[in-house]
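Printed here is target09.csv (CSV, C-alpha atoms):
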chain,number,residue,atom,x,y,z
L,889,MET,CA,20.9,-19.2,0.8
L,890,GLY,CA,19.1,-20.6,-2.2
L,891,ALA,CA,15.8,-22.4,-2.1
L,892,CYS,CA,17.5,-25.7,-3.0
L,893,GLN,CA,20.1,-25.3,-0.3
L,894,ARG,CA,17.5,-24.7,2.3
L,895,SER,CA,15.5,-27.8,1.3
L,896,ARG,CA,18.2,-30.5,1.4
L,897,ASP,CA,16.3,-32.5,3.9
L,898,MET,CA,13.3,-32.4,1.6
L,899,ASP,CA,15.3,-33.8,-1.3
L,900,LEU,CA,14.4,-30.9,-3.5
L,901,ASN,CA,17.9,-30.0,-4.8
L,902,PHE,CA,17.9,-28.9,-8.4
L,903,THR,CA,19.7,-31.3,-10.7
L,904,ALA,CA,22.5,-30.2,-13.0
L,905,GLU,CA,20.1,-30.2,-15.9
L,906,GLU,CA,17.6,-28.1,-14.0
L,907,LEU,CA,20.4,-25.6,-13.1
L,908,ALA,CA,21.3,-25.4,-16.8
L,909,PHE,CA,17.7,-24.7,-17.7
L,910,ARG,CA,17.7,-21.9,-15.1
L,911,ASP,CA,20.7,-20.4,-16.8
L,912,GLU,CA,18.9,-20.6,-20.2
L,913,VAL,CA,15.9,-18.8,-18.8
L,914,ARG,CA,18.2,-16.0,-17.5
L,915,ARG,CA,19.8,-15.7,-20.9
L,916,PHE,CA,16.5,-15.4,-22.6
L,917,ILE,CA,15.4,-12.7,-20.1
L,918,ALA,CA,18.6,-10.7,-20.6
L,919,GLU,CA,18.3,-10.8,-24.4
L,920,ASN,CA,14.5,-10.2,-24.7
L,921,PHE,CA,13.4,-8.1,-21.8
L,922,ASP,CA,14.1,-4.8,-23.5
L,923,ASP,CA,14.5,-1.3,-22.1
L,924,GLU,CA,11.0,-0.1,-23.2
L,925,MET,CA,9.5,-3.1,-21.3
L,926,ARG,CA,11.7,-2.5,-18.3
L,927,ALA,CA,10.6,1.2,-18.1
L,928,ALA,CA,6.9,0.2,-18.4
L,929,MET,CA,7.3,-2.5,-15.7
L,930,ALA,CA,8.9,0.0,-13.4
L,931,ARG,CA,5.8,2.2,-13.6
L,932,THR,CA,3.0,-0.4,-13.5
L,933,ARG,CA,1.0,-0.8,-10.3
L,934,THR,CA,-1.0,-3.7,-11.5
L,935,GLY,CA,1.3,-5.9,-13.5
L,936,TYR,CA,-0.3,-4.8,-16.8
L,937,ILE,CA,1.6,-2.6,-19.2
L,938,ALA,CA,0.7,-1.3,-22.7
L,939,LYS,CA,-1.0,-4.0,-24.9
L,940,HIS,CA,1.6,-3.7,-27.6
L,941,LEU,CA,4.4,-4.5,-25.1
L,942,HIS,CA,2.6,-7.5,-23.7
L,943,ILE,CA,2.1,-8.8,-27.3
L,944,ARG,CA,5.8,-8.2,-28.1
L,945,TRP,CA,6.9,-10.1,-25.0
L,946,GLN,CA,4.4,-12.9,-25.5
L,947,GLN,CA,5.4,-13.3,-29.1
L,948,ARG,CA,9.0,-13.6,-28.1
L,949,LEU,CA,8.1,-16.2,-25.6
L,950,ASN,CA,6.1,-18.1,-28.2
L,951,GLU,CA,9.0,-18.0,-30.7
L,952,LYS,CA,11.0,-19.7,-28.0
L,953,GLY,CA,8.2,-22.2,-27.3
L,954,TRP,CA,7.7,-20.9,-23.7
L,955,LEU,CA,4.5,-18.9,-23.8
L,956,ALA,CA,2.3,-21.7,-22.3
L,957,PRO,CA,4.2,-23.8,-19.7
L,958,ASN,CA,1.0,-25.5,-18.6
L,959,TRP,CA,-0.1,-26.6,-22.1
L,960,PRO,CA,0.5,-30.2,-23.2
L,961,GLU,CA,3.1,-30.7,-26.0
L,962,GLU,CA,0.4,-31.7,-28.5
L,963,TYR,CA,-1.1,-28.2,-28.3
L,964,GLY,CA,2.2,-26.3,-28.4
L,965,GLY,CA,3.4,-26.5,-24.8
L,966,PRO,CA,7.1,-27.0,-24.0
L,967,GLY,CA,6.7,-30.3,-22.3
L,968,TRP,CA,8.4,-29.1,-19.1
L,969,THR,CA,8.5,-30.9,-15.8
L,970,PRO,CA,6.9,-29.2,-12.8
L,971,VAL,CA,10.4,-28.2,-11.6
L,972,GLN,CA,11.2,-26.5,-14.9
L,973,ARG,CA,7.9,-24.6,-14.7
L,974,TYR,CA,8.7,-23.5,-11.1
L,975,ILE,CA,12.3,-22.4,-12.1
L,976,TYR,CA,10.8,-20.5,-15.1
L,977,ASP,CA,8.2,-18.7,-12.9
L,978,GLN,CA,10.8,-17.8,-10.2
L,979,GLU,CA,13.3,-16.4,-12.7
L,980,MET,CA,10.7,-14.3,-14.5
L,981,MET,CA,9.5,-12.9,-11.1
L,982,ALA,CA,13.0,-12.2,-9.9
L,983,ALA,CA,13.7,-10.2,-13.1
L,984,GLY,CA,10.5,-8.3,-12.9
L,985,ALA,CA,9.6,-9.4,-16.4
L,986,PRO,CA,6.1,-8.7,-17.9
L,987,ILE,CA,3.4,-11.2,-17.0
L,988,VAL,CA,1.8,-13.3,-19.6
L,989,VAL,CA,-1.8,-12.0,-19.6
L,990,PRO,CA,-3.5,-15.0,-18.1
L,991,PHE,CA,-7.0,-15.0,-19.5
L,992,GLY,CA,-6.3,-16.8,-22.8
L,993,PRO,CA,-3.2,-18.9,-22.2
L,994,ARG,CA,-3.6,-19.9,-18.6
L,995,MET,CA,-7.3,-19.8,-17.9
L,996,LEU,CA,-9.4,-20.3,-21.1
L,997,ALA,CA,-7.1,-22.6,-23.0
L,998,PRO,CA,-7.2,-25.5,-20.5
L,999,VAL,CA,-11.0,-25.3,-20.6
L,1000,ILE,CA,-11.1,-25.5,-24.4
L,1001,MET,CA,-8.6,-28.4,-24.3
L,1002,LYS,CA,-10.8,-30.4,-21.9
L,1003,PHE,CA,-14.3,-29.4,-22.8
L,1004,GLY,CA,-14.1,-27.8,-26.3
L,1005,THR,CA,-14.9,-29.3,-29.6
L,1006,GLU,CA,-12.2,-30.1,-32.2
L,1007,ALA,CA,-13.4,-27.1,-34.2
L,1008,GLN,CA,-13.0,-24.8,-31.1
L,1009,LYS,CA,-9.5,-26.1,-30.4
L,1010,LYS,CA,-8.4,-25.5,-34.0
L,1011,LYS,CA,-10.0,-22.1,-34.1
L,1012,TYR,CA,-8.9,-20.6,-30.7
L,1013,LEU,CA,-5.8,-22.3,-29.4
L,1014,PRO,CA,-3.4,-21.2,-32.2
L,1015,ASP,CA,-4.5,-17.6,-31.9
L,1016,ILE,CA,-4.0,-17.6,-28.2
L,1017,LEU,CA,-0.4,-18.9,-28.6
L,1018,ALA,CA,0.3,-16.3,-31.3
L,1019,SER,CA,-1.3,-13.5,-29.2
L,1020,ARG,CA,-3.6,-12.7,-32.1
L,1021,THR,CA,-6.7,-12.9,-29.9
L,1022,TRP,CA,-6.9,-11.0,-26.6
L,1023,TRP,CA,-9.3,-12.5,-24.0
L,1024,CYS,CA,-11.0,-11.2,-20.8
L,1025,GLN,CA,-13.0,-13.1,-18.2
L,1026,GLY,CA,-16.7,-12.6,-17.6
L,1027,TYR,CA,-17.4,-14.2,-14.2
L,1028,SER,CA,-18.3,-11.6,-11.6
L,1029,GLU,CA,-21.5,-9.7,-11.7
L,1030,PRO,CA,-22.9,-6.7,-9.7
L,1031,GLY,CA,-24.4,-7.9,-6.5
L,1032,ALA,CA,-23.1,-11.5,-6.8
L,1033,GLY,CA,-20.1,-11.0,-4.6
L,1034,SER,CA,-18.2,-14.3,-4.1
L,1035,ASP,CA,-21.3,-16.3,-4.7
L,1036,LEU,CA,-20.6,-16.9,-8.4
L,1037,ALA,CA,-23.5,-19.3,-8.7
L,1038,SER,CA,-25.9,-16.4,-8.1
L,1039,LEU,CA,-25.1,-14.8,-11.5
L,1040,GLN,CA,-28.0,-13.5,-13.5
L,1041,MET,CA,-26.8,-12.7,-17.0
L,1042,LYS,CA,-29.2,-14.5,-19.2
L,1043,ALA,CA,-28.6,-16.4,-22.5
L,1044,GLU,CA,-31.9,-17.4,-24.1
L,1045,ASP,CA,-31.9,-20.2,-26.7
L,1046,LYS,CA,-33.1,-18.7,-30.0
L,1047,GLY,CA,-32.5,-21.7,-32.2
L,1048,ASP,CA,-29.2,-21.1,-33.9
L,1049,TYR,CA,-27.9,-18.5,-31.4
L,1050,PHE,CA,-28.2,-17.4,-27.8
L,1051,LEU,CA,-29.5,-13.9,-27.0
L,1052,CYS,CA,-27.5,-12.5,-24.1
L,1053,ASN,CA,-28.6,-9.8,-21.7
L,1054,GLY,CA,-26.9,-8.6,-18.5
L,1055,SER,CA,-23.5,-7.4,-17.3
L,1056,LYS,CA,-20.2,-8.4,-15.9
L,1057,ILE,CA,-18.1,-6.4,-13.5
L,1058,TRP,CA,-14.4,-6.0,-12.5
L,1059,THR,CA,-13.5,-7.3,-15.9
L,1060,SER,CA,-9.7,-6.7,-16.1
L,1061,GLU,CA,-8.4,-5.4,-19.4
L,1062,ALA,CA,-11.8,-5.6,-21.2
L,1063,GLN,CA,-11.0,-2.4,-23.0
L,1064,HIS,CA,-8.3,-4.2,-24.9
L,1065,ALA,CA,-10.0,-7.6,-25.4
L,1066,ASP,CA,-11.2,-9.1,-28.7
L,1067,MET,CA,-13.2,-11.9,-26.9
L,1068,ILE,CA,-14.7,-12.6,-23.5
L,1069,PHE,CA,-15.5,-16.0,-22.0
L,1070,CYS,CA,-18.6,-15.8,-19.9
L,1071,LEU,CA,-20.7,-17.7,-17.4
L,1072,VAL,CA,-24.3,-17.2,-18.3
L,1073,ARG,CA,-27.7,-18.4,-17.0
L,1074,THR,CA,-29.4,-20.7,-19.5
L,1075,ALA,CA,-32.0,-22.2,-17.1
L,1076,GLN,CA,-33.7,-21.4,-13.8
L,1077,THR,CA,-33.1,-24.4,-11.6
L,1078,LYS,CA,-33.6,-25.3,-8.0
L,1079,LYS,CA,-29.8,-25.7,-7.7
L,1080,PRO,CA,-28.4,-22.5,-9.3
L,1081,GLN,CA,-25.2,-24.2,-10.4
L,1082,GLU,CA,-27.1,-26.5,-12.7
L,1083,GLY,CA,-28.5,-23.7,-14.9
L,1084,ILE,CA,-25.2,-22.1,-16.0
L,1085,SER,CA,-23.4,-22.4,-19.3
L,1086,PHE,CA,-20.0,-21.3,-20.6
L,1087,LEU,CA,-20.0,-19.0,-23.7
L,1088,LEU,CA,-17.4,-17.3,-25.9
L,1089,ILE,CA,-18.5,-13.9,-27.0
L,1090,ASP,CA,-17.0,-11.5,-29.5
L,1091,MET,CA,-16.4,-8.1,-27.9
L,1092,LYS,CA,-17.2,-6.4,-31.2
L,1093,SER,CA,-20.7,-7.9,-31.3
L,1094,PRO,CA,-23.5,-5.3,-31.5
L,1095,GLY,CA,-24.9,-4.7,-28.0
L,1096,VAL,CA,-21.6,-5.1,-26.1
L,1097,THR,CA,-20.5,-1.9,-24.2
L,1098,VAL,CA,-17.4,-1.6,-22.1
L,1099,ALA,CA,-17.5,1.1,-19.3
L,1100,PRO,CA,-14.3,1.8,-17.4
L,1101,ILE,CA,-14.2,1.6,-13.6
L,1102,VAL,CA,-11.4,3.9,-12.4
L,1103,THR,CA,-10.2,2.7,-9.0
L,1104,ILE,CA,-8.4,4.6,-6.3
L,1105,ASP,CA,-5.0,3.1,-7.2
L,1106,GLU,CA,-5.3,4.3,-10.9
L,1107,PRO,CA,-5.0,8.1,-11.0
L,1108,SER,CA,-4.6,8.2,-14.7
L,1109,ALA,CA,-6.4,6.7,-17.7
L,1110,GLY,CA,-3.2,5.0,-18.8
L,1111,MET,CA,-3.2,2.8,-15.7
L,1112,GLN,CA,-6.9,1.8,-15.9
L,1113,GLU,CA,-7.4,-1.9,-15.2
L,1114,VAL,CA,-11.0,-2.9,-14.6
L,1115,ASN,CA,-14.3,-2.4,-16.3
L,1116,GLN,CA,-18.0,-3.2,-16.4
L,1117,VAL,CA,-19.2,-4.9,-19.6
L,1118,PHE,CA,-22.8,-4.6,-20.6
L,1119,PHE,CA,-24.7,-7.0,-23.0
L,1120,ASP,CA,-27.9,-5.7,-24.6
L,1121,ASP,CA,-29.5,-8.3,-26.9
L,1122,VAL,CA,-26.2,-9.7,-27.9
L,1123,LYS,CA,-26.4,-12.6,-30.4
L,1124,VAL,CA,-23.9,-15.4,-29.8
L,1125,PRO,CA,-23.7,-18.3,-32.2
L,1126,LYS,CA,-24.4,-21.8,-30.8
L,1127,GLU,CA,-21.0,-23.0,-31.8
L,1128,ASN,CA,-19.5,-20.6,-29.1
L,1129,LEU,CA,-20.9,-22.8,-26.4
L,1130,VAL,CA,-18.1,-24.7,-24.6
L,1131,GLY,CA,-19.1,-28.0,-23.1
L,1132,GLU,CA,-22.8,-29.0,-22.6
L,1133,ILE,CA,-25.7,-26.7,-22.1
L,1134,ASN,CA,-26.4,-26.0,-18.4
L,1135,GLN,CA,-23.0,-27.7,-17.5
L,1136,GLY,CA,-20.9,-24.6,-17.4
L,1137,TRP,CA,-20.3,-24.8,-13.7
L,1138,THR,CA,-18.0,-27.8,-14.4
L,1139,CYS,CA,-16.0,-25.6,-16.8
L,1140,ALA,CA,-16.0,-22.8,-14.3
L,1141,LYS,CA,-14.6,-24.9,-11.4
L,1142,TYR,CA,-11.9,-26.4,-13.7
L,1143,LEU,CA,-10.8,-22.9,-14.9
L,1144,LEU,CA,-10.5,-21.7,-11.3
L,1145,GLU,CA,-7.9,-24.4,-10.5
L,1146,PHE,CA,-5.6,-22.7,-13.0
L,1147,GLU,CA,-6.5,-19.1,-11.8
L,1148,ARG,CA,-5.6,-20.0,-8.2
L,1149,GLY,CA,-2.6,-22.2,-8.6
L,1150,ASN,CA,0.2,-19.6,-8.6
L,1151,ALA,CA,3.7,-19.4,-7.2
L,1152,TYR,CA,4.0,-16.3,-5.1
L,1153,SER,CA,7.4,-16.4,-3.3
L,1154,GLY,CA,9.4,-14.8,-6.2
L,1155,ASN,CA,7.4,-11.6,-6.3
L,1156,LEU,CA,7.2,-11.5,-2.5
L,1157,LYS,CA,11.0,-11.7,-2.2
L,1158,ARG,CA,11.3,-8.8,-4.7
L,1159,GLY,CA,8.8,-6.8,-2.7
L,1160,LEU,CA,10.8,-7.4,0.5
L,1161,GLU,CA,14.0,-6.2,-1.2
L,1162,ARG,CA,12.1,-3.1,-2.1
L,1163,VAL,CA,11.1,-2.6,1.6
L,1164,ARG,CA,14.8,-3.1,2.7
L,1165,LYS,CA,15.9,-0.4,0.2
L,1166,ILE,CA,13.4,2.0,1.6
L,1167,ALA,CA,14.2,1.2,5.2
L,1168,ARG,CA,17.9,1.8,4.6
L,1169,ALA,CA,17.2,5.2,3.2
L,1170,GLU,CA,14.4,6.4,5.6
L,1171,ALA,CA,15.3,7.7,9.0
L,1172,ALA,CA,13.6,6.4,12.2
L,1173,GLY,CA,13.4,8.3,15.5
L,1174,GLY,CA,16.8,9.8,16.4
L,1175,GLY,CA,18.0,9.9,12.8
L,1176,ALA,CA,19.2,6.3,12.5
L,1177,PRO,CA,18.1,4.3,9.4
L,1178,LEU,CA,14.6,2.7,9.8
L,1179,ILE,CA,16.1,-0.7,9.2
L,1180,GLU,CA,17.9,-0.4,12.5
L,1181,ASP,CA,14.7,0.3,14.4
L,1182,PRO,CA,14.0,-2.8,16.5
L,1183,ALA,CA,10.3,-2.7,16.1
L,1184,PHE,CA,10.4,-2.3,12.3
L,1185,ALA,CA,13.3,-4.8,12.0
L,1186,ALA,CA,11.2,-7.4,13.9
L,1187,ARG,CA,8.2,-6.9,11.5
L,1188,LEU,CA,10.5,-7.2,8.5
L,1189,ALA,CA,12.1,-10.4,9.9
L,1190,GLN,CA,8.7,-11.9,10.6
L,1191,ALA,CA,7.6,-11.2,7.0
L,1192,GLU,CA,10.8,-12.8,5.7
L,1193,ILE,CA,10.2,-15.9,7.8
L,1194,GLU,CA,6.6,-16.2,6.5
L,1195,VAL,CA,7.7,-15.7,2.9
L,1196,MET,CA,10.4,-18.3,3.4
L,1197,ALA,CA,7.7,-20.7,4.9
L,1198,LEU,CA,5.5,-20.1,1.8
L,1199,GLU,CA,8.5,-20.8,-0.5
L,1200,MET,CA,9.1,-24.1,1.4
L,1201,THR,CA,5.4,-25.0,0.9
L,1202,GLU,CA,5.7,-24.2,-2.8
L,1203,LEU,CA,8.8,-26.5,-3.0
L,1204,ARG,CA,7.0,-29.2,-1.0
L,1205,ILE,CA,4.1,-29.1,-3.5
L,1206,LEU,CA,6.6,-29.1,-6.3
L,1207,GLY,CA,8.1,-32.3,-4.9
L,1208,GLN,CA,4.7,-33.9,-4.8
L,1209,LEU,CA,4.0,-32.9,-8.4
L,1210,ARG,CA,7.4,-34.2,-9.4
L,1211,GLY,CA,6.5,-37.5,-7.8
L,1212,GLY,CA,3.2,-37.7,-9.7
L,1213,GLN,CA,1.0,-36.9,-6.7
L,1214,ASN,CA,-2.3,-35.0,-6.8
L,1215,VAL,CA,-2.0,-31.9,-4.6
L,1216,GLY,CA,-5.7,-31.5,-4.2
L,1217,ALA,CA,-6.6,-28.3,-2.3
L,1218,ALA,CA,-3.1,-26.9,-2.5
L,1219,SER,CA,-4.2,-24.2,-5.0
L,1220,SER,CA,-6.5,-22.8,-2.4
L,1221,LEU,CA,-3.8,-23.0,0.3
L,1222,LEU,CA,-1.3,-21.1,-1.9
L,1223,LYS,CA,-3.9,-18.5,-3.0
L,1224,THR,CA,-4.9,-17.8,0.6
L,1225,ARG,CA,-1.4,-17.5,2.1
L,1226,GLY,CA,0.2,-15.9,-1.0
L,1227,THR,CA,-2.3,-13.1,-1.2
L,1228,GLU,CA,-2.2,-12.4,2.6
L,1229,LEU,CA,1.6,-12.0,2.3
L,1230,GLN,CA,1.2,-9.8,-0.7
L,1231,GLN,CA,-0.8,-7.4,1.5
L,1232,MET,CA,1.7,-7.7,4.4
L,1233,VAL,CA,4.6,-6.8,2.2
L,1234,THR,CA,2.9,-3.7,0.6
L,1235,GLU,CA,1.8,-2.6,4.1
L,1236,LEU,CA,5.4,-2.8,5.3
L,1237,ALA,CA,6.5,-0.6,2.3
L,1238,ALA,CA,3.7,1.9,3.0
L,1239,ASP,CA,4.8,2.2,6.7
L,1240,ALA,CA,8.5,2.5,5.6
L,1241,VAL,CA,8.0,5.5,3.4
L,1242,GLY,CA,6.1,7.3,6.2
L,1243,TYR,CA,4.8,10.7,5.3
L,1244,TYR,CA,5.7,10.2,1.6
L,1245,ILE,CA,2.7,7.8,1.3
L,1246,ALA,CA,0.5,10.9,1.5
L,1247,PRO,CA,1.4,12.9,-1.6
L,1248,TYR,CA,-0.1,10.4,-4.0
L,1249,THR,CA,1.2,11.9,-7.3
L,1250,PRO,CA,-0.9,11.1,-10.3
L,1251,LEU,CA,0.8,9.4,-13.2
L,1252,ILE,CA,-1.0,11.5,-15.8
L,1253,GLU,CA,0.6,11.1,-19.3
L,1254,GLY,CA,2.4,14.2,-20.3
L,1255,ALA,CA,2.2,15.8,-16.8
L,1256,ASN,CA,5.3,17.9,-16.0
L,1257,GLU,CA,4.8,18.1,-12.2
L,1258,PRO,CA,7.7,16.6,-10.3
L,1259,ILE,CA,7.3,13.6,-8.1
L,1260,ILE,CA,7.0,14.6,-4.5
L,1261,GLY,CA,9.5,12.7,-2.4
L,1262,PRO,CA,12.3,10.3,-3.2
L,1263,ASP,CA,12.0,7.9,-6.2
L,1264,TYR,CA,11.6,4.9,-4.0
L,1265,ALA,CA,8.4,6.3,-2.6
L,1266,ASP,CA,6.8,6.6,-6.1
L,1267,GLY,CA,4.1,4.0,-6.5
L,1268,VAL,CA,4.1,2.6,-3.0
L,1269,ALA,CA,0.6,4.0,-2.2
L,1270,ALA,CA,-0.8,2.7,-5.5
L,1271,ARG,CA,0.6,-0.8,-5.0
L,1272,TYR,CA,-0.7,-0.9,-1.4
L,1273,LEU,CA,-4.1,0.1,-2.6
L,1274,ASN,CA,-4.1,-2.3,-5.5
L,1275,MET,CA,-3.2,-5.3,-3.3
L,1276,ARG,CA,-6.5,-4.8,-1.3
L,1277,LYS,CA,-8.2,-6.8,-4.1
L,1278,VAL,CA,-6.1,-9.9,-4.0
L,1279,THR,CA,-7.8,-11.7,-1.1
L,1280,ILE,CA,-11.1,-11.2,-2.9
L,1281,TYR,CA,-10.6,-12.2,-6.5
L,1282,ALA,CA,-10.4,-15.8,-7.8
L,1283,GLY,CA,-12.7,-16.7,-4.9
L,1284,SER,CA,-12.3,-14.8,-1.6
L,1285,ASN,CA,-10.0,-16.2,1.0
L,1286,GLU,CA,-13.0,-17.0,3.2
L,1287,ILE,CA,-14.2,-19.3,0.4
L,1288,GLN,CA,-10.8,-20.8,0.0
L,1289,ARG,CA,-10.8,-21.7,3.8
L,1290,ASN,CA,-14.1,-23.4,3.3
L,1291,ILE,CA,-12.7,-25.4,0.5
L,1292,MET,CA,-9.6,-26.4,2.6
L,1293,SER,CA,-11.8,-27.3,5.6
L,1294,LYS,CA,-13.8,-29.6,3.5
L,1295,LEU,CA,-11.1,-31.2,1.3
L,1296,ILE,CA,-8.3,-31.3,3.8
L,1297,LEU,CA,-9.9,-31.5,7.3
L,1298,GLY,CA,-13.1,-33.3,6.2
L,1299,LEU,CA,-15.4,-30.8,8.0

Kindly return the structure encoded in the file as C-alpha cells.
Amino acid sequence: MGACQRSRDMDLNFTAEELAFRDEVRRFIAENFDDEMRAAMARTRTGYIAKHLHIRWQQRLNEKGWLAPNWPEEYGGPGWTPVQRYIYDQEMMAAGAPIVVPFGPRMLAPVIMKFGTEAQKKKYLPDILASRTWWCQGYSEPGAGSDLASLQMKAEDKGDYFLCNGSKIWTSEAQHADMIFCLVRTAQTKKPQEGISFLLIDMKSPGVTVAPIVTIDEPSAGMQEVNQVFFDDVKVPKENLVGEINQGWTCAKYLLEFERGNAYSGNLKRGLERVRKIARAEAAGGGAPLIEDPAFAARLAQAEIEVMALEMTELRILGQLRGGQNVGAASSLLKTRGTELQQMVTELAADAVGYYIAPYTPLIEGANEPIIGPDYADGVAARYLNMRKVTIYAGSNEIQRNIMSKLILGL
C-alpha cells in the first residue's frame, strides 16, 4: 500500500500533477543513472562513490534544474513545493541513486544566501551548482565531542587576513575538497558561543594538511571517508568571513537545520527489503527459511511498523509544510528517530546473515580473492559498522532530545 493510500485520513493524497511529477523523476533516473554509477552504488558502504561519478550525476541533475531542491528560484532552485521535494527524495532513495554530496548544495549554500555578501553569493553559488567547487565541513575538533561551542581552532586578526591554527576531525571527503567552511575562534569570551566566526578556507592554502582516518568499516583506501585536517599558520583573506565577526554561532545553528532535516523512510524501506531477501535465503533452525522463524519475523515486523510510523511522521510534517506551517523542532525529531531506525535495520541484516558476518572480506582494489559467502552477505558488516556513527554526527541524539524537550515540551 502506498504512502498516499495509507494517509487518506490525513488528507495527504498526491494530486494528479504530483503523480505526473513522480513519473518524470522516474524517467530521469532511468535515463541518467548509468551502469557505472549503479555498480559503484552497489559497492559503497557510506553513500559516497568516486568523485568523478558524483560530479557526473550532479551535473546531469543541474542540467535538469534539479540539483538544489532547497534553493530559491532566484539562485537556481527548481521552485518545487514541499511535496515535490518529498517525492523527489523518495524516488531517488528507492532507486538507490547517488547522493548529492551535501556540503556545498545543502549545507553551505543556504548560509551564504542568508548571511553572505553579494560578492560571496556571486562567487560561490554558481560554482556549487555546477559542481566546479567541492566543499567539506570543518566543525568537529579533537576533544570537543558534541559540545561544538568548545572548539579551539584559532583565527587571529592580522589586518587584511586571519591567521588560522588548529585542526578539524571526522572531516568527510576532505581528501577531495577544494574548499572547507570552518567554525573558528576569533575571541575568548565568557560565553564561548559569542567568540566564534564562520570562515571559508581554500584547501590548497599553504599550511593545510589532510590526514586520512581509516575506520573499521573501510578495509580499503578506495572506501576511505573521514579525515583530520590540520591548519598551520594558514592565511585566510578577510573577504572569506561569512556574516559578522564573532557571530558565527548564528550561521552554525542555521546550517545544522539543513544538515538534520532529512527524509529517512525511503532508504529504510530499501534496507528492509534487503533484510527480507537475506532472510528468505538463509536457513534458521531445522532448515526452514529464516523469514519463517517466529522470533525473527516478529523483529522484522516491528521494524516495518516503526519505519511506517516514521514515514507517517514525515508525511504529517510534509502536510504542515504544504500548509505554510513552521515545523520547529521537527528536524531534531526526524534525525533522532531516523538514525535509530538506520541502526535497527542494519542490525537486522547483520543478524540475518549469521556466520557470514564474520569473514569481513576487504574490498581492496585489484584483489583477486573471492568473496566468502553469498553475494547478499557482502557489505553487511561494513554497513552495520558505518551506521554506528549516525546517532552521533550532526548533533548527537542526546543533544537532539535536549532540543526537543526545550522546544516541544517546554522543559

**Asked** Could you work out how far CA of Leu1088 in chain L lies from CA of Asn1128 in chain L, giving the answer in Å with one decimal?
**Response** 5.1 Å

**Message:** Quick one: residues within 12 Å of Thr1077 in chain L, only C-alpha atoms, excluding same-chain residues fewer than 4 positions away - as a PyMOL selection string?
**Reply:** chain L and resi 1037-1038+1073+1081-1084+1134

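Take the candidates L:Glu906, L:Glu912, L:Asp1035, L:Asp1015 and check each one against Tyr1281 in chain L using only C-alpha atoms; the shortest distance goes to L:Asp1035.
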
**Message:** as a list in words, please: the residues near Thr1021 in chain L (cut-off 10 Å, all atoms listed in the file, same-chain neighbours under 3 positions excluded).
**Reply:** Gly992, Tyr1012, Leu1013, Pro1014, Asp1015, Ile1016, Leu1017, Ala1018, Ala1065, Asp1066 and Met1067 of chain L

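Around Gln947 in chain L, within 7 Å and counting all atoms listed in the file, the residues found are Ile943, Arg944, Asn950, Glu951, Ala1018 and Ser1019 of chain L, once anything fewer than 3 positions away on its own chain is removed.
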
**Request:** May I have the residues within 9 Å of Leu1039 in chain L as a list of chain:residue names, using only C-alpha atoms and disregarding those fewer than 5 positions away in the same chain?
**Result:** L:Tyr1027, L:Ser1028, L:Glu1029, L:Pro1030, L:Gly1031, L:Ala1032, L:Leu1071, L:Val1072, L:Arg1073, L:Pro1080, L:Ile1084

**Residue nearest Lys1092 in chain L - candidates L:Val1122, L:Leu949, L:Val1114, L:Ile1179, atoms counted: all atoms listed in the file** = L:Val1122

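Here CA of Met1001 in chain L is placed at a distance of 19.6 Å from CA of Asp1090 in chain L.
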
Give me the residues near range 926-932 of chain L as a PDB file with C-alpha atoms, in the coordinates of the input, where near means some atom within 8 Å (using all atoms listed in the file) and where sequence neighbours in that chain fewer than 4 positions away do not count.
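Below is the file result.pdb, written as the result:
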ATOM      1  CA  PHE L 921      13.400  -8.100 -21.800  1.00  0.00           C
ATOM      2  CA  ASP L 922      14.100  -4.800 -23.500  1.00  0.00           C
ATOM      3  CA  TYR L 936      -0.300  -4.800 -16.800  1.00  0.00           C
ATOM      4  CA  ILE L 937       1.600  -2.600 -19.200  1.00  0.00           C
ATOM      5  CA  ALA L 938       0.700  -1.300 -22.700  1.00  0.00           C
ATOM      6  CA  GLY L 984      10.500  -8.300 -12.900  1.00  0.00           C
ATOM      7  CA  ALA L 985       9.600  -9.400 -16.400  1.00  0.00           C
ATOM      8  CA  PRO L 986       6.100  -8.700 -17.900  1.00  0.00           C
ATOM      9  CA  MET L1111      -3.200   2.800 -15.700  1.00  0.00           C
ATOM     10  CA  GLY L1267       4.100   4.000  -6.500  1.00  0.00           C
TER      11      GLY L1267
END

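Among the candidates L:Gln1112, L:Thr1074, L:Thr1097, L:Asn1155, the residue lying nearest to Ala982 in chain L is L:Asn1155 (atoms considered: all atoms listed in the file).
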
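A straight line drawn from CA of Glu962 in chain L to CA of Arg910 in chain L is 24.0 Å long.
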
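If you measure from each of L:Ala1246, L:Ala1218, L:Ile1000, L:Val1241 to Leu1295 in chain L using all atoms listed in the file, the closest one turns out to be L:Ala1218.
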
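Among the candidates L:Leu907, L:Ala1238, L:Leu1144, L:Ala956, the one nearest to Gly1283 in chain L when counting all atoms listed in the file is L:Leu1144.
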
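Closest approach to Lys1126 in chain L from the set L:Ile1089, L:Ala1240, L:Ile1166, L:Ala1172 is made by L:Ile1089, with distances taken over all atoms listed in the file.
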